[in-house]
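Text of work07.txt, listed as compact mmCIF, C-alpha atoms:
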# COMPACT_ATOMS: atom_id res chain seq x y z
CA MET K 1 0.00 0.00 0.00
CA ALA K 2 1.38 3.38 -1.02
CA VAL K 3 1.24 6.41 1.25
CA LYS K 4 0.60 9.85 -0.23
CA ILE K 5 0.87 13.17 1.53
CA LEU K 6 -1.86 15.61 0.50
CA ILE K 7 -1.55 19.35 1.06
CA GLY K 8 -3.83 22.27 0.25
CA SER K 9 -2.89 24.94 -2.24
CA ALA K 10 -2.99 27.51 0.59
CA SER K 11 0.46 26.18 1.49
CA ASP K 12 1.79 28.16 -1.52
CA ILE K 13 3.66 25.09 -2.74
CA THR K 14 3.08 24.81 -6.48
CA VAL K 15 1.98 21.56 -8.09
CA GLU K 16 5.42 21.27 -9.72
CA GLU K 17 7.25 21.82 -6.41
CA GLY K 18 4.94 19.33 -4.73
CA LYS K 19 5.68 16.67 -7.34
CA LYS K 20 9.43 17.10 -6.76
CA MET K 21 8.85 16.57 -3.03
CA GLY K 22 6.45 13.64 -3.48
CA LEU K 23 3.41 15.66 -2.36
CA VAL K 24 -0.03 15.95 -3.91
CA VAL K 25 -1.24 19.58 -3.95
CA LEU K 26 -5.03 19.91 -3.90
CA PRO K 27 -6.72 23.22 -4.78
CA ILE K 28 -8.81 25.01 -2.19
CA GLU K 29 -12.14 26.55 -3.15
CA VAL K 30 -12.31 30.36 -3.12
CA ASN K 31 -15.69 32.11 -3.23
CA PHE K 32 -16.00 35.76 -4.26
CA GLY K 33 -19.68 36.61 -3.89
CA GLY K 34 -21.49 34.27 -6.28
CA GLU K 35 -18.35 33.15 -8.12
CA THR K 36 -16.44 30.01 -7.14
CA PHE K 37 -12.83 29.41 -8.16
CA MET K 38 -10.30 26.66 -7.57
CA ASP K 39 -6.97 28.02 -6.36
CA GLY K 40 -4.23 27.38 -8.91
CA GLU K 41 -6.70 26.05 -11.50
CA THR K 42 -9.34 28.69 -12.24
CA ILE K 43 -7.81 31.58 -10.27
CA PHE K 44 -4.17 32.42 -9.69
CA ALA K 45 -2.44 34.70 -7.16
CA ASP K 46 -2.37 37.85 -9.33
CA GLU K 47 -6.07 37.45 -10.21
CA PHE K 48 -6.95 36.77 -6.57
CA TYR K 49 -5.27 39.97 -5.37
CA ASN K 50 -6.86 42.03 -8.16
CA LYS K 51 -10.30 40.72 -7.16
CA LEU K 52 -9.51 41.33 -3.50
CA GLU K 53 -8.80 45.01 -4.20
CA THR K 54 -12.18 45.54 -5.86
CA ALA K 55 -14.38 43.15 -3.85
CA THR K 56 -17.17 44.59 -1.72
CA GLU K 57 -16.91 41.67 0.70
CA LEU K 58 -14.05 39.41 1.69
CA PRO K 59 -13.70 36.05 -0.09
CA LYS K 60 -14.52 32.82 1.66
CA THR K 61 -12.55 29.60 1.42
CA SER K 62 -13.36 26.03 2.26
CA GLN K 63 -11.03 23.33 3.45
CA ILE K 64 -10.65 20.26 1.30
CA ASN K 65 -12.89 17.29 2.07
Please express what this file holds, its structure, as structure tokens.
Amino acid sequence: MAVKILIGSASDITVEEGKKMGLVVLPIEVNFGGETFMDGETIFADEFYNKLETATELPKTSQIN
């Protein structure tokens, strides 16, 4: 049986860095109002901070199941 270490994308370890270290990086869900994004897949750091500057309410995140 193989053992895998799973980490959330909030760790700021990229998928590529994770692969080199034998880790599986899973994206966290980020909700801006009615829009839902997956960190590192459908929204990236620069987009996140741009949205954060213009958002009327703070984003919400959800831990990985």
I'd like the contact shell of range 27-30 of chain K - 6 Å cut-off, all atoms listed in the file, skipping same-chain residues fewer than 4 positions apart - returned as a compact mmCIF listing (two decimals) with C-alpha atoms, in the coordinates of the input.
# COMPACT_ATOMS: atom_id res chain seq x y z
CA GLY K 8 -3.83 22.27 0.25
CA SER K 9 -2.89 24.94 -2.24
CA THR K 36 -16.44 30.01 -7.14
CA PHE K 37 -12.83 29.41 -8.16
CA MET K 38 -10.30 26.66 -7.57
CA ASP K 39 -6.97 28.02 -6.36
CA LYS K 60 -14.52 32.82 1.66
CA THR K 61 -12.55 29.60 1.42
CA SER K 62 -13.36 26.03 2.26
Pick from K:Val25, K:Leu58, K:Leu52, K:Ile43, whichever lies nearest to Ala10 in chain K using only C-alpha atoms: K:Val25
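Counting only C-alpha atoms, the residue from K:Asn50, K:Asn31, K:Lys4, K:Ala45 that sits nearest to Gly18 in chain K is K:Lys4.
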d(CA of Val24 in chain K, CA of Val3 in chain K) in Å: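 CA of Val24 in chain K sits 10.9 Å away from CA of Val3 in chain K.
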Counting all atoms listed in the file, the residue of K:Gly40, K:Ala2, K:Thr56, K:Gly33 that sits nearest Glu16 in chain K: K:Gly40
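Counting from CA of Asp46 in chain K, the distance to CA of Thr14 in chain K is 14.4 Å.
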Which residue of K:Met1, K:Ile64, K:Ala55, K:Tyr49 approaches Leu26 in chain K most closely, using all atoms listed in the file: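 Of K:Met1, K:Ile64, K:Ala55, K:Tyr49, the one nearest Leu26 in chain K is K:Ile64, counting all atoms listed in the file.
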Box centre and edge lengths (Å, one decimal), axis-aligned, range 40-54 of chain K plus 3 Å each side, as lines of an AutoDock Vina configuration file:
center_x = -7.3
center_y = 35.8
center_z = -7.9
size_x = 15.8
size_y = 25.5
size_z = 14.7
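Distances from K:Phe32, K:Leu23, K:Glu41, K:Ile7 to Glu53 in chain K were compared using all atoms listed in the file, and the smallest one belongs to K:Phe32.
Of the listed residues (K:Glu47, K:Glu17, K:Glu35, K:Asp12), K:Glu35 comes nearest to Pro59 in chain K; the distances count only C-alpha atoms.
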